[in-house]
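Structure file query-v4.cif (mmCIF, N, CA and C atoms) follows.
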data_upload
loop_
_atom_site.label_atom_id
_atom_site.label_comp_id
_atom_site.auth_asym_id
_atom_site.auth_seq_id
_atom_site.Cartn_x
_atom_site.Cartn_y
_atom_site.Cartn_z
N MET Z 27 18.28 1.74 -19.29
CA MET Z 27 18.01 0.38 -19.70
C MET Z 27 17.32 -0.35 -18.55
N THR Z 28 16.26 -1.04 -18.85
CA THR Z 28 15.50 -1.78 -17.86
C THR Z 28 15.75 -3.26 -18.04
N VAL Z 29 16.03 -3.94 -16.96
CA VAL Z 29 16.25 -5.38 -17.01
C VAL Z 29 15.06 -6.05 -16.35
N ALA Z 30 14.45 -6.96 -17.07
CA ALA Z 30 13.31 -7.70 -16.53
C ALA Z 30 13.81 -9.03 -15.99
N THR Z 31 13.38 -9.35 -14.82
CA THR Z 31 13.74 -10.65 -14.23
C THR Z 31 12.47 -11.44 -14.01
N ALA Z 32 12.55 -12.69 -14.32
CA ALA Z 32 11.41 -13.57 -14.10
C ALA Z 32 11.54 -14.22 -12.74
N SER Z 33 10.48 -14.20 -12.02
CA SER Z 33 10.50 -14.86 -10.71
C SER Z 33 9.54 -16.04 -10.75
N ILE Z 34 10.05 -17.17 -10.37
CA ILE Z 34 9.25 -18.39 -10.34
C ILE Z 34 8.99 -18.72 -8.88
N VAL Z 35 7.73 -18.85 -8.54
CA VAL Z 35 7.37 -19.20 -7.18
C VAL Z 35 7.19 -20.71 -7.12
N GLN Z 36 8.02 -21.34 -6.33
CA GLN Z 36 7.95 -22.79 -6.19
C GLN Z 36 7.20 -23.12 -4.91
N THR Z 37 6.09 -23.81 -5.05
CA THR Z 37 5.35 -24.23 -3.87
C THR Z 37 5.77 -25.66 -3.52
N VAL Z 38 5.83 -25.93 -2.25
CA VAL Z 38 6.19 -27.26 -1.78
C VAL Z 38 4.92 -28.08 -1.65
N LEU Z 39 4.92 -29.26 -2.23
CA LEU Z 39 3.75 -30.13 -2.16
C LEU Z 39 3.65 -30.74 -0.77
N GLU Z 40 2.44 -30.76 -0.25
CA GLU Z 40 2.19 -31.32 1.08
C GLU Z 40 2.07 -32.83 1.01
N PRO Z 41 2.40 -33.53 2.10
CA PRO Z 41 2.14 -34.96 2.14
C PRO Z 41 0.64 -35.21 1.98
N GLY Z 42 0.30 -36.18 1.16
CA GLY Z 42 -1.10 -36.48 0.89
C GLY Z 42 -1.58 -35.92 -0.44
N THR Z 43 -0.71 -35.22 -1.16
CA THR Z 43 -1.07 -34.71 -2.48
C THR Z 43 -0.91 -35.84 -3.49
N VAL Z 44 -1.91 -36.01 -4.35
CA VAL Z 44 -1.87 -37.05 -5.38
C VAL Z 44 -1.29 -36.42 -6.64
N VAL Z 45 -0.28 -37.07 -7.20
CA VAL Z 45 0.41 -36.54 -8.38
C VAL Z 45 0.58 -37.63 -9.43
N ARG Z 46 0.88 -37.20 -10.65
CA ARG Z 46 1.34 -38.11 -11.71
C ARG Z 46 2.81 -37.79 -11.93
N THR Z 47 3.63 -38.81 -11.85
CA THR Z 47 5.07 -38.61 -11.98
C THR Z 47 5.72 -39.84 -12.60
N PRO Z 48 6.85 -39.67 -13.27
CA PRO Z 48 7.53 -40.84 -13.84
C PRO Z 48 8.01 -41.79 -12.75
N ARG Z 49 7.94 -43.07 -13.04
CA ARG Z 49 8.44 -44.10 -12.12
C ARG Z 49 9.66 -44.75 -12.77
N TYR Z 50 10.72 -44.83 -12.01
CA TYR Z 50 11.96 -45.44 -12.50
C TYR Z 50 12.20 -46.74 -11.77
N ASP Z 51 12.48 -47.79 -12.53
CA ASP Z 51 12.81 -49.09 -11.95
C ASP Z 51 14.12 -49.54 -12.58
N GLU Z 52 15.15 -49.65 -11.75
CA GLU Z 52 16.49 -50.03 -12.19
C GLU Z 52 17.00 -49.09 -13.29
N GLY Z 53 16.73 -47.80 -13.14
CA GLY Z 53 17.22 -46.79 -14.07
C GLY Z 53 16.39 -46.61 -15.32
N LYS Z 54 15.34 -47.38 -15.49
CA LYS Z 54 14.50 -47.28 -16.68
C LYS Z 54 13.18 -46.62 -16.32
N ASN Z 55 12.76 -45.69 -17.17
CA ASN Z 55 11.48 -45.02 -16.96
C ASN Z 55 10.37 -45.96 -17.38
N THR Z 56 9.49 -46.30 -16.46
CA THR Z 56 8.38 -47.21 -16.78
C THR Z 56 7.10 -46.45 -17.09
N GLY Z 57 7.19 -45.13 -17.24
CA GLY Z 57 6.03 -44.32 -17.57
C GLY Z 57 5.49 -43.58 -16.36
N GLU Z 58 4.59 -42.66 -16.64
CA GLU Z 58 3.99 -41.90 -15.55
C GLU Z 58 2.91 -42.71 -14.86
N ARG Z 59 2.88 -42.59 -13.54
CA ARG Z 59 1.88 -43.28 -12.72
C ARG Z 59 1.40 -42.35 -11.63
N ARG Z 60 0.25 -42.68 -11.08
CA ARG Z 60 -0.27 -41.92 -9.93
C ARG Z 60 0.53 -42.27 -8.69
N ALA Z 61 0.77 -41.26 -7.88
CA ALA Z 61 1.53 -41.46 -6.65
C ALA Z 61 1.04 -40.48 -5.60
N ILE Z 62 1.32 -40.79 -4.35
CA ILE Z 62 1.00 -39.90 -3.24
C ILE Z 62 2.32 -39.37 -2.70
N VAL Z 63 2.40 -38.06 -2.53
CA VAL Z 63 3.59 -37.45 -1.92
C VAL Z 63 3.56 -37.80 -0.44
N VAL Z 64 4.63 -38.44 0.04
CA VAL Z 64 4.69 -38.80 1.46
C VAL Z 64 5.65 -37.91 2.24
N GLY Z 65 6.35 -37.02 1.55
CA GLY Z 65 7.23 -36.09 2.24
C GLY Z 65 8.33 -35.57 1.34
N LEU Z 66 9.14 -34.71 1.90
CA LEU Z 66 10.30 -34.19 1.19
C LEU Z 66 11.44 -35.20 1.28
N TRP Z 67 12.27 -35.26 0.26
CA TRP Z 67 13.42 -36.16 0.30
C TRP Z 67 14.39 -35.72 1.38
N ASN Z 68 14.61 -34.40 1.46
CA ASN Z 68 15.47 -33.83 2.50
C ASN Z 68 14.68 -32.71 3.15
N GLU Z 69 14.33 -32.88 4.41
CA GLU Z 69 13.50 -31.91 5.11
C GLU Z 69 14.12 -30.52 5.17
N ASN Z 70 15.45 -30.43 5.10
CA ASN Z 70 16.13 -29.15 5.18
C ASN Z 70 16.25 -28.45 3.83
N ASP Z 71 15.97 -29.16 2.74
CA ASP Z 71 16.11 -28.60 1.40
C ASP Z 71 14.89 -28.95 0.56
N PRO Z 72 13.88 -28.06 0.50
CA PRO Z 72 12.66 -28.36 -0.26
C PRO Z 72 12.90 -28.53 -1.76
N LYS Z 73 14.03 -28.04 -2.27
CA LYS Z 73 14.31 -28.17 -3.70
C LYS Z 73 14.94 -29.51 -4.06
N ALA Z 74 15.20 -30.36 -3.08
CA ALA Z 74 15.86 -31.64 -3.33
C ALA Z 74 14.93 -32.67 -3.96
N GLY Z 75 13.63 -32.51 -3.81
CA GLY Z 75 12.69 -33.46 -4.39
C GLY Z 75 11.75 -34.06 -3.34
N TYR Z 76 10.97 -35.03 -3.80
CA TYR Z 76 9.92 -35.62 -2.96
C TYR Z 76 10.05 -37.13 -2.87
N LYS Z 77 9.64 -37.67 -1.72
CA LYS Z 77 9.43 -39.10 -1.59
C LYS Z 77 8.00 -39.35 -2.05
N VAL Z 78 7.81 -40.28 -2.95
CA VAL Z 78 6.47 -40.58 -3.45
C VAL Z 78 6.19 -42.07 -3.32
N TRP Z 79 4.92 -42.39 -3.18
CA TRP Z 79 4.47 -43.78 -3.07
C TRP Z 79 3.52 -44.04 -4.22
N PHE Z 80 3.87 -44.99 -5.07
CA PHE Z 80 3.02 -45.39 -6.19
C PHE Z 80 1.99 -46.39 -5.64
N TYR Z 81 0.92 -45.84 -5.09
CA TYR Z 81 -0.04 -46.63 -4.30
C TYR Z 81 -0.81 -47.64 -5.13
N THR Z 82 -0.89 -47.45 -6.43
CA THR Z 82 -1.63 -48.41 -7.27
C THR Z 82 -0.87 -49.72 -7.44
N LEU Z 83 0.41 -49.74 -7.02
CA LEU Z 83 1.23 -50.94 -7.16
C LEU Z 83 1.29 -51.78 -5.89
N GLY Z 84 0.73 -51.28 -4.79
CA GLY Z 84 0.70 -52.06 -3.56
C GLY Z 84 1.24 -51.30 -2.37
N ALA Z 85 1.48 -52.04 -1.31
CA ALA Z 85 1.96 -51.46 -0.05
C ALA Z 85 3.33 -50.81 -0.25
N PRO Z 86 3.62 -49.77 0.54
CA PRO Z 86 4.90 -49.06 0.35
C PRO Z 86 6.11 -49.90 0.77
N SER Z 87 7.02 -50.10 -0.17
CA SER Z 87 8.27 -50.79 0.11
C SER Z 87 9.23 -50.55 -1.05
N PHE Z 88 10.50 -50.82 -0.81
CA PHE Z 88 11.49 -50.66 -1.87
C PHE Z 88 11.68 -51.94 -2.66
N ALA Z 89 11.19 -53.07 -2.14
CA ALA Z 89 11.39 -54.34 -2.84
C ALA Z 89 10.68 -54.36 -4.19
N PRO Z 90 9.37 -54.11 -4.26
CA PRO Z 90 8.76 -54.05 -5.60
C PRO Z 90 8.76 -52.64 -6.18
N ARG Z 91 9.55 -51.75 -5.58
CA ARG Z 91 9.69 -50.36 -6.07
C ARG Z 91 8.38 -49.59 -6.09
N THR Z 92 7.62 -49.67 -5.01
CA THR Z 92 6.42 -48.84 -4.91
C THR Z 92 6.74 -47.49 -4.29
N LEU Z 93 7.93 -47.36 -3.68
CA LEU Z 93 8.39 -46.08 -3.17
C LEU Z 93 9.43 -45.52 -4.12
N GLY Z 94 9.42 -44.21 -4.28
CA GLY Z 94 10.37 -43.63 -5.21
C GLY Z 94 10.68 -42.19 -4.91
N PHE Z 95 11.37 -41.59 -5.84
CA PHE Z 95 11.82 -40.21 -5.72
C PHE Z 95 11.31 -39.44 -6.94
N ALA Z 96 10.89 -38.21 -6.71
CA ALA Z 96 10.47 -37.34 -7.81
C ALA Z 96 11.18 -36.00 -7.68
N PHE Z 97 11.79 -35.56 -8.77
CA PHE Z 97 12.41 -34.24 -8.77
C PHE Z 97 11.33 -33.18 -8.66
N VAL Z 98 11.72 -31.98 -8.28
CA VAL Z 98 10.76 -30.91 -8.01
C VAL Z 98 9.88 -30.60 -9.21
N GLY Z 99 10.39 -30.58 -10.42
CA GLY Z 99 9.60 -30.21 -11.58
C GLY Z 99 8.80 -31.33 -12.21
N GLU Z 100 9.00 -32.57 -11.77
CA GLU Z 100 8.35 -33.72 -12.41
C GLU Z 100 6.88 -33.91 -12.06
N PRO Z 101 6.49 -33.84 -10.79
CA PRO Z 101 5.10 -34.19 -10.46
C PRO Z 101 4.08 -33.20 -11.01
N THR Z 102 2.98 -33.75 -11.50
CA THR Z 102 1.83 -32.96 -11.91
C THR Z 102 0.71 -33.26 -10.92
N VAL Z 103 0.23 -32.23 -10.24
CA VAL Z 103 -0.79 -32.42 -9.21
C VAL Z 103 -2.12 -32.78 -9.88
N VAL Z 104 -2.74 -33.87 -9.40
CA VAL Z 104 -4.05 -34.28 -9.92
C VAL Z 104 -5.12 -34.23 -8.84
N GLY Z 105 -4.75 -34.01 -7.60
CA GLY Z 105 -5.74 -33.92 -6.53
C GLY Z 105 -5.10 -34.15 -5.17
N THR Z 106 -5.94 -34.51 -4.22
CA THR Z 106 -5.47 -34.84 -2.88
C THR Z 106 -6.14 -36.13 -2.45
N VAL Z 107 -5.73 -36.65 -1.31
CA VAL Z 107 -6.36 -37.87 -0.80
C VAL Z 107 -7.80 -37.60 -0.41
N ASP Z 108 -8.16 -36.34 -0.19
CA ASP Z 108 -9.55 -36.00 0.15
C ASP Z 108 -10.51 -36.32 -0.99
N ASP Z 109 -10.00 -36.41 -2.21
CA ASP Z 109 -10.83 -36.69 -3.38
C ASP Z 109 -11.07 -38.18 -3.59
N MET Z 110 -10.42 -39.04 -2.84
CA MET Z 110 -10.52 -40.49 -3.04
C MET Z 110 -11.75 -41.05 -2.34
N SER Z 111 -12.11 -42.26 -2.74
CA SER Z 111 -13.27 -42.91 -2.13
C SER Z 111 -12.92 -43.44 -0.75
N GLU Z 112 -13.95 -43.71 0.03
CA GLU Z 112 -13.74 -44.23 1.38
C GLU Z 112 -13.04 -45.59 1.34
N ARG Z 113 -13.41 -46.42 0.40
CA ARG Z 113 -12.80 -47.75 0.26
C ARG Z 113 -11.30 -47.65 -0.02
N THR Z 114 -10.92 -46.75 -0.92
CA THR Z 114 -9.50 -46.56 -1.23
C THR Z 114 -8.75 -46.03 -0.04
N LEU Z 115 -9.35 -45.10 0.70
CA LEU Z 115 -8.69 -44.53 1.87
C LEU Z 115 -8.46 -45.57 2.95
N ILE Z 116 -9.41 -46.48 3.14
CA ILE Z 116 -9.25 -47.55 4.13
C ILE Z 116 -8.08 -48.45 3.75
N ARG Z 117 -8.00 -48.80 2.47
CA ARG Z 117 -6.90 -49.66 1.99
C ARG Z 117 -5.55 -48.96 2.18
N LEU Z 118 -5.48 -47.68 1.84
CA LEU Z 118 -4.24 -46.93 1.98
C LEU Z 118 -3.82 -46.84 3.45
N HIS Z 119 -4.78 -46.59 4.33
CA HIS Z 119 -4.47 -46.47 5.76
C HIS Z 119 -3.97 -47.79 6.33
N ARG Z 120 -4.55 -48.90 5.89
CA ARG Z 120 -4.09 -50.22 6.36
C ARG Z 120 -2.64 -50.46 5.96
N TRP Z 121 -2.28 -50.03 4.76
CA TRP Z 121 -0.91 -50.22 4.30
C TRP Z 121 0.06 -49.33 5.07
N LEU Z 122 -0.39 -48.16 5.51
CA LEU Z 122 0.50 -47.19 6.15
C LEU Z 122 0.52 -47.25 7.67
N ARG Z 123 -0.39 -47.99 8.30
CA ARG Z 123 -0.55 -47.88 9.75
C ARG Z 123 0.67 -48.29 10.55
N ASP Z 124 1.53 -49.14 10.03
CA ASP Z 124 2.70 -49.58 10.79
C ASP Z 124 3.98 -48.85 10.41
N LEU Z 125 3.89 -47.88 9.53
CA LEU Z 125 5.08 -47.17 9.06
C LEU Z 125 5.13 -45.77 9.64
N ASP Z 126 6.00 -45.55 10.60
CA ASP Z 126 6.09 -44.26 11.29
C ASP Z 126 6.66 -43.15 10.41
N GLN Z 127 7.49 -43.49 9.43
CA GLN Z 127 8.12 -42.44 8.63
C GLN Z 127 7.13 -41.73 7.71
N PHE Z 128 5.93 -42.26 7.56
CA PHE Z 128 4.93 -41.62 6.72
C PHE Z 128 3.76 -41.09 7.55
N SER Z 129 4.04 -40.65 8.76
CA SER Z 129 2.97 -40.27 9.69
C SER Z 129 2.12 -39.11 9.19
N LYS Z 130 2.72 -38.12 8.50
CA LYS Z 130 1.94 -36.98 8.01
C LYS Z 130 0.95 -37.42 6.94
N ALA Z 131 1.39 -38.22 6.01
CA ALA Z 131 0.49 -38.71 4.96
C ALA Z 131 -0.56 -39.65 5.56
N ARG Z 132 -0.13 -40.51 6.48
CA ARG Z 132 -1.08 -41.44 7.12
C ARG Z 132 -2.16 -40.68 7.87
N TYR Z 133 -1.79 -39.63 8.59
CA TYR Z 133 -2.76 -38.83 9.34
C TYR Z 133 -3.76 -38.16 8.40
N ARG Z 134 -3.27 -37.62 7.30
CA ARG Z 134 -4.17 -36.96 6.35
C ARG Z 134 -5.13 -37.95 5.70
N ILE Z 135 -4.63 -39.16 5.40
CA ILE Z 135 -5.49 -40.20 4.83
C ILE Z 135 -6.53 -40.63 5.84
N GLN Z 136 -6.14 -40.80 7.10
CA GLN Z 136 -7.08 -41.20 8.15
C GLN Z 136 -8.16 -40.14 8.33
N LYS Z 137 -7.76 -38.87 8.36
CA LYS Z 137 -8.72 -37.78 8.54
C LYS Z 137 -9.74 -37.75 7.39
N ALA Z 138 -9.26 -37.91 6.17
CA ALA Z 138 -10.15 -37.90 5.01
C ALA Z 138 -11.12 -39.09 5.06
N GLY Z 139 -10.61 -40.26 5.46
CA GLY Z 139 -11.47 -41.44 5.56
C GLY Z 139 -12.55 -41.29 6.61
N LEU Z 140 -12.20 -40.73 7.76
CA LEU Z 140 -13.19 -40.53 8.82
C LEU Z 140 -14.24 -39.50 8.41
N ARG Z 141 -13.81 -38.48 7.67
CA ARG Z 141 -14.75 -37.47 7.19
C ARG Z 141 -15.73 -38.09 6.19
N LYS Z 142 -15.23 -38.94 5.28
CA LYS Z 142 -16.11 -39.61 4.30
C LYS Z 142 -17.08 -40.55 5.00
N ARG Z 143 -16.59 -41.26 6.02
CA ARG Z 143 -17.45 -42.19 6.76
C ARG Z 143 -18.57 -41.45 7.48
N ALA Z 144 -18.23 -40.32 8.09
CA ALA Z 144 -19.25 -39.52 8.80
C ALA Z 144 -20.30 -39.02 7.82
N LEU Z 145 -19.90 -38.61 6.62
CA LEU Z 145 -20.86 -38.16 5.61
C LEU Z 145 -21.78 -39.29 5.18
N ARG Z 146 -21.19 -40.48 5.00
CA ARG Z 146 -21.97 -41.64 4.56
C ARG Z 146 -22.99 -42.04 5.63
N LEU Z 147 -22.60 -41.97 6.90
CA LEU Z 147 -23.50 -42.37 7.98
C LEU Z 147 -24.44 -41.24 8.41
N GLY Z 148 -24.25 -40.05 7.86
CA GLY Z 148 -25.13 -38.94 8.18
C GLY Z 148 -24.85 -38.33 9.54
N GLN Z 149 -23.63 -38.35 9.99
CA GLN Z 149 -23.29 -37.82 11.30
C GLN Z 149 -22.75 -36.43 11.19
#
For the file at hand, write its structure as structure tokens.
Amino acid sequence: MTVATASIVQTVLEPGTVVRTPRYDEGKNTGERRAIVVGLWNENDPKAGYKVWFYTLGAPSFAPRTLGFAFVGEPTVVGTVDDMSERTLIRLHRWLRDLDQFSKARYRIQKAGLRKRALRLGQ
């Protein structure tokens, strides 16, 4: 008798990945929105979920609930910050420049913005 086992390979999303994921406000699902993965919820356990920033709602903070949590199976990858326009990257970097806890995402956004600027200026 042969037993078949299914193996699921779970990849960990990098900071700076743009995803669509449900947003919850006071326990209510307000629908799927675009968000940027800013890191793992628990650095020691990649299966615990992700910290996400719903950047279309404004600067990252918990007061208007622009920061949130996404379970591992919820996010659908739609791209990376490298796919965004230079104008959007500048706005995102301004919002993140004073927040040290998002340094990986901030660095990736800054790098993408500088690369877009160099292309625009022909350097």
Nearby residues (only N, CA and C atoms) at most 8 Å from segment 93-107 of chain Z, same-chain spacing under 5 positions excluded, as a PyMOL selection string: chain Z and resi 41-50+62+67+72-81+84-88+115+134-135+138-139
Z:Gly53, Z:Leu66, Z:Arg141, Z:Asp71 ranked by distance to Asp109 of chain Z, top pick (using only C-alpha atoms):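 Of Z:Gly53, Z:Leu66, Z:Arg141, Z:Asp71, the one nearest Asp109 of chain Z, counting only C-alpha atoms, is Z:Arg141.
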As a list in words, list the residues of segment 78-147 of chain Z assigned to strand (DSSP E or B) by DSSP on the backbone atoms of this structure.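 DSSP-assigned strand (DSSP E or B) residues in segment 78-147 of chain Z: Val78, Trp79, Leu93, Gly94, Phe95, Ala96, Thr102, Val103, Val104, Gly105 and Thr106 of chain Z.
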Spell out the residues picked by the PyMOL selection byres (((chain Z and resi 127-132 and name CA) around 8) and name CA) here, as a count of residues only. 14
In Å, with one decimal, what is the gap from atom N of Leu140 of chain Z to atom CA of Ile116 of chain Z? 8.3 Å
Point-to-point distance from atom C of Thr92 of chain Z to atom N of Thr37 of chain Z, Å rounded to tenths: 23.7 Å
When you draw a straight line from atom CA of Trp121 of chain Z to atom CA of Arg59 of chain Z, how long is it in Å?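 Between atom CA of Trp121 of chain Z and atom CA of Arg59 of chain Z the gap is 18.6 Å.
For the set Z:Leu147, Z:Lys142, Z:Thr82, Z:Leu118, the residue with the smallest atom-to-atom gap to Ala61 of chain Z is Z:Thr82, counting only C-alpha atoms.
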